[in-house]
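**Student:** I'd like to ask you about the structure that follows.
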There are 4 protein chains.
Amino acid sequence: MSSLGTPDPHPGWLSEEDLTHVRHRLPLLYVEAIPVRQAEDGTVSEVGMLLRADAGGTFKRTIVSGRVLYAETVRAALLRHLEKDLGPMAFPRLPACPTPFTVAEYFPLPGLGRFSDERQHAVSLVFVVPVTGRCDPRQDALELTWLSPAEAVSAPVTDELEGGRGALIRMAMAHVGALD
Amino acid sequence: MSSLGTPDPHPGWLSEEDLTHVRHRLPLLYVEAIPVRQAEDGTVSEVGMLLRADAGGTFKRTIVSGRVLYAETVRAALLRHLEKDLGPMAFPRLPACPTPFTVAEYFPLPGLGRFSDERQHAVSLVFVVPVTGRCDPRQDALELTWLSPAEAVSAPVTDELEGGRGALIRMAMAHVGALD
Amino acid sequence: MSSLGTPDPHPGWLSEEDLTHVRHRLPLLYVEAIPVRQAEDGTVSEVGMLLRADAGGTFKRTIVSGRVLYAETVRAALLRHLEKDLGPMAFPRLPACPTPFTVAEYFPLPGLGRFSDERQHAVSLVFVVPVTGRCDPRQDALELTWLSPAEAVSAPVTDELEGGRGALIRMAMAHVGALD
Amino acid sequence: MSSLGTPDPHPGWLSEEDLTHVRHRLPLLYVEAIPVRQAEDGTVSEVGMLLRADAGGTFKRTIVSGRVLYAETVRAALLRHLEKDLGPMAFPRLPACPTPFTVAEYFPLPGLGRFSDERQHAVSLVFVVPVTGRCDPRQDALELTWLSPAEAVSAPVTDELEGGRGALIRMAMAHVGALD
């Protein structure tokens with residue numbers, strides 16, 4: 001890490017080493033999005049979930065998720081991660097209101113909250129985002145599966161979600177009036 | 001009004017006379033929508049306002065507004081009034097979440113609240129609704145004007161809004177993060 | 001129902017007969033409240049449910065619920081029904097924000113929505129209301145029981161709730177971050 | 001900054017030097033609270049603002065504000081900063097719902113958003129928090145002043161708020177239905 005005396009050669013840029021260091025010293029800010037499809041009257045008809053292989057080769061379900069960078073707005077971070085995870089033709093409809101439907105807190109240690117992330121303390125602004133185009137997962141995601149709201153909150157599905165995000169899907173479905 | 005003893009010949013239908021009667025005895029349920037246009041990242045770029053001539057021939061600005069009917073869902077009422085006021089090609093994007101951003105209470109008498117409606121006590125579920133198509137006002141509305149958020153909350157505009165709805169536009173712009 | 005020609009002798013007042021008539025012609029506006037107790041940091045620790053005997057003598061669980069009257073504000077109606085159902089010493093903390101966490105739609109016929117009320121079409125603004133005092137149910141409610149959030153959303157409890165309100169309790173717990 | 005090879009002697013603790021370094025590389029997570037007093041029916045009657053002298057000795061108005069620490073929940077951070085800024089007898093009523101009414105983004109450079117903080121990129125979860133006790137500002141705050149909602153959003157007051165927070169007060173008053 002640069003000393004304070006020298007001018008900063010890389011403002012806005014954090015090395016992998018620095019990031020590892022701060023992951024155990026600061027809460028990191030994330031955005032997350034639960035992609036949905038809507039009927040004409042706005043009701044949520046389907047929920048999109050990503051399938052991803054973790055470092056050990058195990059398949060896990062997840063949602064669109066990523067860090068907010070220095071000097072990046074929350075809206076820009078949301079757009080960037082939606083495109084990264086769903087491809088350029090997903091045509092997400094970002095909400096007019098910039099307030100997340102909930103804030104999810106991920107802790108590396110048990111007992112502090114119900115969401116967990118062994119790498120870090122992350123605080124995530126979570127949005128439900130309708131998508132109208134074709135989703136074409138990129139990067140390390142293998143597949144996007146569309147499920148009905150009832151399937152999305154069923155135990156076989158929520159048990160496969162990383163970090164306790166099953167509760168997040170239930171909260172999202174409650175928020176949009178699709179949780180029975 | 002039908003007596004209780006006879007089977008009801010017109011369930012779900014309220015005569016003009018009955019409606020006039022209940023307007024002074026019950027709060028009537030309304031839905032209202034403030035049409036907006038969005039930039040790609042979801043920020044509100046424009047606000048749509050209707051121009052309408054009232055009974056006395058005076059022009060007043062207003063928003064999409066109408067009653068929820070018997071056995072009609074809030075979403076269906078919202079769609080119906082959006083189509084009635086903006087035409088069939090407006091392609092409104094109804095929200096995934098069915099909760100209004102605010103509830104506006106209109107009273108026929110001064111002193112009870114800040115919104116007024118001389119005809120009745122009305123309680124309105126108010127939504128901000130992005131529209132993506134072409135708006136073609138029908139019925140008694142003469143014109144839909146698109147204004148920037150700053151213009152929409154300026155005194156010359158809000159003073160022309162019926163029933164104190166200027167405050168509603170300011171609340172909507174605050175809600176979407178577009179009120180300076 | 002009074003004829004239009006004669007001055008209205010009882011503005012703001014609806015006879016039982018008139019009410020029965022309009023119940024099948026208009027959606028009626030209700031407020032509902034789910035009483036909760038909070039820990040010091042605001043998390044919901046307990047949920048209050050009323051036990052009530054219905055017309056047939058069957059015990060049913062329910063929440064605070066009642067009609068908004070003519071010329072009554074939503075806040076005043078909420079206070080009035082909280083006092084009616086929880087007694088004068090409950091000391092409810094009404095929210096600063098007047099927007100309900102959800103809008104519940106009750107229909108007399110199946111298929112229109114998930115909440116039902118055989119008497120009428122009712123649209124209800126639903127609030128989570130912390131209470132800090134002693135609850136002493138009055139009127140026809142027999143008892144107020146405090147349950148943990150987990151108990152409140154368990155099947156044995158939600159199955160006893162009238163009109164499908166089990167889903168409403170789950171939505172409320174999701175809203176306050178207490179649904180696992 | 002400690003090298004990665006050596007065991008971390010101070011997990012969860014960030015030196016002043018490290019903090020200065022990351023302030024230009026990561027968005028920092030803050031919580032902010034606008035203290036209010038409520039009438040019995042929940043309407044906001046007064047808004048609390050802090051008066052603080054900045055480094056140059058100029059007096060500025062501000063609100064309750066502070067960083068979320070590593071392994072600290074958002075609720076705990078909110079409680080800690082409320083006590084730090086309002087004293088131990090303020091008795092804040094933390095919301096049952098953990099979602100902020102808005103997310104404010106502060107940037108060190110102009111043009112990215114409307115809130116500014118020359119020290120850093122900060123993202124703040126903002127809450128309206130009713131307080132029921134006696135406020136006794138501590139630390140560097142000199143005074144807490146209670147203003148009516150109308151005074152709180154008037155230009156003489158909002159112009160004295162740091163970082164563009166005048167817009168935040170207007171958003172808060174719109175949220176609670178107290179912005180005309």
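Each chain in the structure tokens gets a letter, A, B, ..., in the order shown, and its residues are numbered from 1; ligands are numbered from 1 in order too.
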Find the residues around B:Ser148 up to 7 Å (only C-alpha atoms counted), leave out those fewer than 4 positions away in its own chain, and share them as a list in words.

**Tutor:** Ser45, Glu46, Val47 and Ala152 of chain B

**Student:** Suppose we keep N, CA and C atoms; can you now write the selection as a PDB file, in the first residue's frame?

**Tutor:**
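Written out: result07.pdb:
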ATOM      1  N   SER B  45     -35.953  10.928 -16.818  1.00  0.00           N
ATOM      2  CA  SER B  45     -35.524  12.059 -17.647  1.00  0.00           C
ATOM      3  C   SER B  45     -36.676  13.021 -17.942  1.00  0.00           C
ATOM      4  N   GLU B  46     -37.903  12.497 -17.987  1.00  0.00           N
ATOM      5  CA  GLU B  46     -39.057  13.342 -18.299  1.00  0.00           C
ATOM      6  C   GLU B  46     -40.298  12.878 -17.543  1.00  0.00           C
ATOM      7  N   VAL B  47     -41.175  13.844 -17.286  1.00  0.00           N
ATOM      8  CA  VAL B  47     -42.424  13.586 -16.571  1.00  0.00           C
ATOM      9  C   VAL B  47     -43.573  14.008 -17.477  1.00  0.00           C
ATOM     10  N   ALA B 152     -41.114  20.097 -14.014  1.00  0.00           N
ATOM     11  CA  ALA B 152     -42.332  19.506 -13.460  1.00  0.00           C
ATOM     12  C   ALA B 152     -42.613  19.970 -12.031  1.00  0.00           C
TER      13      ALA B 152
END

**Student:** What's around stretch 25-33 of chain B at 8 Å? Count only C-alpha atoms, leave out sequence neighbours fewer than 5 positions away in its own chain, and write the answer as a CSV table (one decimal) with N, CA and C atoms, in the first residue's frame.

**Tutor:**
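Below is the file that was written, around-v3.csv:
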chain,number,residue,atom,x,y,z
B,63,ILE,N,-52.8,14.3,-13.8
B,63,ILE,CA,-52.1,13.1,-14.0
B,63,ILE,C,-53.1,12.0,-14.3
B,64,VAL,N,-52.6,10.8,-14.6
B,64,VAL,CA,-53.5,9.7,-14.9
B,64,VAL,C,-54.3,9.4,-13.6
B,65,SER,N,-55.6,9.3,-13.6
B,65,SER,CA,-56.3,9.1,-12.4
B,65,SER,C,-57.7,8.5,-12.7
B,66,GLY,N,-58.1,7.6,-11.8
B,66,GLY,CA,-59.5,7.0,-12.0
B,66,GLY,C,-59.8,6.1,-10.9
B,67,ARG,N,-61.1,5.7,-10.8
B,67,ARG,CA,-61.6,4.9,-9.8
B,67,ARG,C,-61.3,3.4,-9.9
B,68,VAL,N,-61.2,2.7,-8.8
B,68,VAL,CA,-61.1,1.2,-8.9
B,68,VAL,C,-62.5,0.7,-8.8
B,74,VAL,N,-56.3,-3.7,-8.4
B,74,VAL,CA,-55.6,-2.4,-8.5
B,74,VAL,C,-54.7,-2.4,-9.7
B,77,ALA,N,-57.0,-1.8,-12.7
B,77,ALA,CA,-57.5,-0.5,-12.7
B,77,ALA,C,-56.4,0.5,-13.3
B,78,LEU,N,-55.2,0.2,-12.8
B,78,LEU,CA,-54.1,1.0,-13.3
B,78,LEU,C,-53.9,0.9,-14.8
B,82,LEU,N,-54.4,3.9,-17.5
B,82,LEU,CA,-53.3,4.3,-18.3
B,82,LEU,C,-53.7,4.3,-19.8
B,120,GLN,N,-65.8,14.8,-3.4
B,120,GLN,CA,-65.8,13.5,-2.7
B,120,GLN,C,-64.6,13.4,-1.8
B,121,HIS,N,-64.6,12.4,-0.9
B,121,HIS,CA,-63.4,12.0,-0.2
B,121,HIS,C,-62.9,10.8,-1.0
B,122,ALA,N,-61.7,11.0,-1.5
B,122,ALA,CA,-61.0,9.9,-2.3
B,122,ALA,C,-59.7,9.6,-1.8
B,123,VAL,N,-59.4,8.3,-1.7
B,123,VAL,CA,-58.0,7.9,-1.3
B,123,VAL,C,-57.4,7.2,-2.5
B,124,SER,N,-56.2,7.7,-2.8
B,124,SER,CA,-55.6,7.3,-4.1
B,124,SER,C,-54.2,6.6,-3.9
B,125,LEU,N,-54.1,5.5,-4.5
B,125,LEU,CA,-52.8,4.7,-4.5
B,125,LEU,C,-52.0,5.3,-5.7
B,126,VAL,N,-50.9,5.9,-5.5
B,126,VAL,CA,-50.2,6.7,-6.5
B,126,VAL,C,-48.9,5.9,-6.9
B,127,PHE,N,-48.7,5.8,-8.2
B,127,PHE,CA,-47.6,5.1,-8.8
B,127,PHE,C,-46.8,5.9,-9.8
B,128,VAL,N,-45.5,5.7,-9.9
B,128,VAL,CA,-44.7,6.3,-10.9
B,128,VAL,C,-44.6,5.2,-12.0
B,129,VAL,N,-45.0,5.5,-13.2
B,129,VAL,CA,-45.1,4.4,-14.2
B,129,VAL,C,-44.3,4.8,-15.5
C,11,PRO,N,-74.9,13.6,6.2
C,11,PRO,CA,-73.7,13.4,5.4
C,11,PRO,C,-72.7,12.6,6.2
C,12,GLY,N,-71.9,11.8,5.5
C,12,GLY,CA,-70.9,11.1,6.2
C,12,GLY,C,-71.3,9.9,7.0
C,13,TRP,N,-72.6,9.6,6.9
C,13,TRP,CA,-73.1,8.5,7.6
C,13,TRP,C,-73.8,7.5,6.7
C,14,LEU,N,-73.5,6.3,6.8
C,14,LEU,CA,-74.1,5.3,5.9
C,14,LEU,C,-74.9,4.2,6.7
C,27,PRO,N,-65.3,-1.2,-4.1
C,27,PRO,CA,-64.3,-1.7,-3.2
C,27,PRO,C,-64.4,-0.8,-1.9
C,28,LEU,N,-64.4,-1.4,-0.8
C,28,LEU,CA,-64.3,-0.6,0.5
C,28,LEU,C,-62.9,-0.5,1.0
C,29,LEU,N,-62.6,0.7,1.5
C,29,LEU,CA,-61.2,1.0,2.0
C,29,LEU,C,-61.0,0.6,3.4
C,68,VAL,N,-62.0,2.6,6.9
C,68,VAL,CA,-61.8,4.0,6.9
C,68,VAL,C,-63.1,4.7,6.7
C,69,LEU,N,-63.5,5.6,7.6
C,69,LEU,CA,-64.8,6.3,7.4
C,69,LEU,C,-64.7,7.5,6.6
C,70,TYR,N,-65.8,8.0,6.2
C,70,TYR,CA,-65.9,9.3,5.5
C,70,TYR,C,-65.3,10.4,6.3
C,71,ALA,N,-64.4,11.2,5.6
C,71,ALA,CA,-63.7,12.4,6.2
C,71,ALA,C,-62.7,12.0,7.3

**Student:** Between A:Ala104, A:Leu109, A:Leu19, A:Ala76, which one has atoms that come closest to A:Gly166, using only C-alpha atoms?

**Tutor:**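 Of A:Ala104, A:Leu109, A:Leu19, A:Ala76, the one nearest A:Gly166 is A:Ala104, counting only C-alpha atoms.
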
**Student:** Among chain B, which ones does DSSP place in alpha helix (DSSP H), written as an NGL selection string?

**Tutor:** :B and (16-23 or 74-86 or 149-152 or 155-158 or 165-175)

**Student:** Residues as selected, C-alpha atoms, written as a short mmCIF file (atom, residue, chain, number, x, y, z; two decimals), in the first residue's frame, can you do that?

**Tutor:**
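Wrote it out as out-v6.cif, contents follow:
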data_model
loop_
_atom_site.label_atom_id
_atom_site.label_comp_id
_atom_site.auth_asym_id
_atom_site.auth_seq_id
_atom_site.Cartn_x
_atom_site.Cartn_y
_atom_site.Cartn_z
CA GLU B 16 -74.99 7.78 -11.02
CA GLU B 17 -77.47 8.56 -8.28
CA ASP B 18 -76.02 5.95 -5.95
CA LEU B 19 -72.49 7.15 -6.70
CA THR B 20 -73.44 10.72 -5.84
CA HIS B 21 -74.95 9.43 -2.63
CA VAL B 22 -71.94 7.40 -1.51
CA ARG B 23 -69.47 10.13 -2.48
CA VAL B 74 -55.57 -2.44 -8.47
CA ARG B 75 -53.25 -3.53 -11.29
CA ALA B 76 -56.17 -3.90 -13.72
CA ALA B 77 -57.52 -0.47 -12.74
CA LEU B 78 -54.08 1.05 -13.26
CA LEU B 79 -53.75 -0.53 -16.73
CA ARG B 80 -57.28 0.56 -17.68
CA HIS B 81 -56.76 4.20 -16.70
CA LEU B 82 -53.30 4.34 -18.30
CA GLU B 83 -54.79 3.14 -21.57
CA LYS B 84 -57.78 5.47 -21.25
CA ASP B 85 -55.58 8.53 -20.66
CA LEU B 86 -52.45 7.72 -22.70
CA PRO B 149 -38.11 16.83 -13.56
CA ALA B 150 -36.99 20.39 -12.72
CA GLU B 151 -39.76 21.92 -14.87
CA ALA B 152 -42.33 19.51 -13.46
CA ALA B 155 -44.15 26.74 -9.40
CA PRO B 156 -45.71 27.73 -12.77
CA VAL B 157 -46.44 24.05 -13.44
CA THR B 158 -47.42 22.85 -9.98
CA ARG B 165 -51.24 17.56 -6.89
CA GLY B 166 -48.13 19.76 -7.18
CA ALA B 167 -47.05 18.28 -3.84
CA LEU B 168 -47.62 14.83 -5.32
CA ILE B 169 -45.28 15.54 -8.23
CA ARG B 170 -42.62 16.76 -5.78
CA MET B 171 -43.06 13.58 -3.71
CA ALA B 172 -42.73 11.44 -6.84
CA MET B 173 -39.57 13.24 -7.93
CA ALA B 174 -38.12 12.88 -4.43
CA HIS B 175 -38.97 9.17 -4.53
#

**Student:** When you get a sec, could you note down which chain A residues fall within 9 Å of chain B, using only C-alpha atoms, as a PDB file with C-alpha atoms, in the first residue's frame?

**Tutor:**
ATOM      1  CA  VAL A  36     -37.638 -11.444 -13.287  1.00  0.00           C
ATOM      2  CA  GLN A  38     -43.423  -9.883 -15.846  1.00  0.00           C
ATOM      3  CA  GLU A  40     -48.559  -7.432 -18.909  1.00  0.00           C
ATOM      4  CA  ASP A  41     -50.103  -6.194 -15.660  1.00  0.00           C
ATOM      5  CA  GLY A  42     -46.706  -6.178 -13.952  1.00  0.00           C
ATOM      6  CA  THR A  43     -47.047  -9.346 -11.874  1.00  0.00           C
ATOM      7  CA  VAL A  44     -43.901 -11.437 -11.689  1.00  0.00           C
ATOM      8  CA  ARG A  75     -26.997   2.455 -11.058  1.00  0.00           C
ATOM      9  CA  ALA A  76     -23.859   2.081 -13.211  1.00  0.00           C
ATOM     10  CA  LEU A  78     -26.045  -2.502 -11.416  1.00  0.00           C
ATOM     11  CA  LEU A  79     -26.037  -2.103 -15.216  1.00  0.00           C
ATOM     12  CA  ARG A  93     -35.466  -2.337 -16.902  1.00  0.00           C
ATOM     13  CA  LEU A  94     -33.721  -0.487 -14.144  1.00  0.00           C
ATOM     14  CA  PRO A  95     -36.083   0.896 -11.533  1.00  0.00           C
ATOM     15  CA  ALA A  96     -36.974   4.595 -11.527  1.00  0.00           C
ATOM     16  CA  CYS A  97     -36.531   4.560  -7.756  1.00  0.00           C
ATOM     17  CA  PRO A  98     -32.902   4.008  -6.731  1.00  0.00           C
ATOM     18  CA  THR A  99     -33.729   2.507  -3.330  1.00  0.00           C
ATOM     19  CA  VAL A 128     -35.662  -6.919  -8.387  1.00  0.00           C
ATOM     20  CA  VAL A 129     -34.973  -6.166 -12.064  1.00  0.00           C
ATOM     21  CA  PRO A 130     -37.372  -7.056 -14.888  1.00  0.00           C
ATOM     22  CA  HIS A 175     -41.986  -7.699  -1.945  1.00  0.00           C
ATOM     23  CA  VAL A 176     -43.551  -8.225  -5.377  1.00  0.00           C
ATOM     24  CA  GLY A 177     -46.611  -9.954  -3.932  1.00  0.00           C
TER      25      GLY A 177
END

**Student:** Quote the spacing between atom CA of B:Trp146 and atom CA of B:Val131 in Å to one decimal place.

**Tutor:** 11.6 Å

**Student:** DSSP on the backbone: which residues in stretch 4-174 of chain B end up as strand (DSSP E)? Give the answer as a PyMOL selection string.

**Tutor:** chain B and resi 28-38+44-53+59-62+64-67+102-107+115-116+122-130+141-147
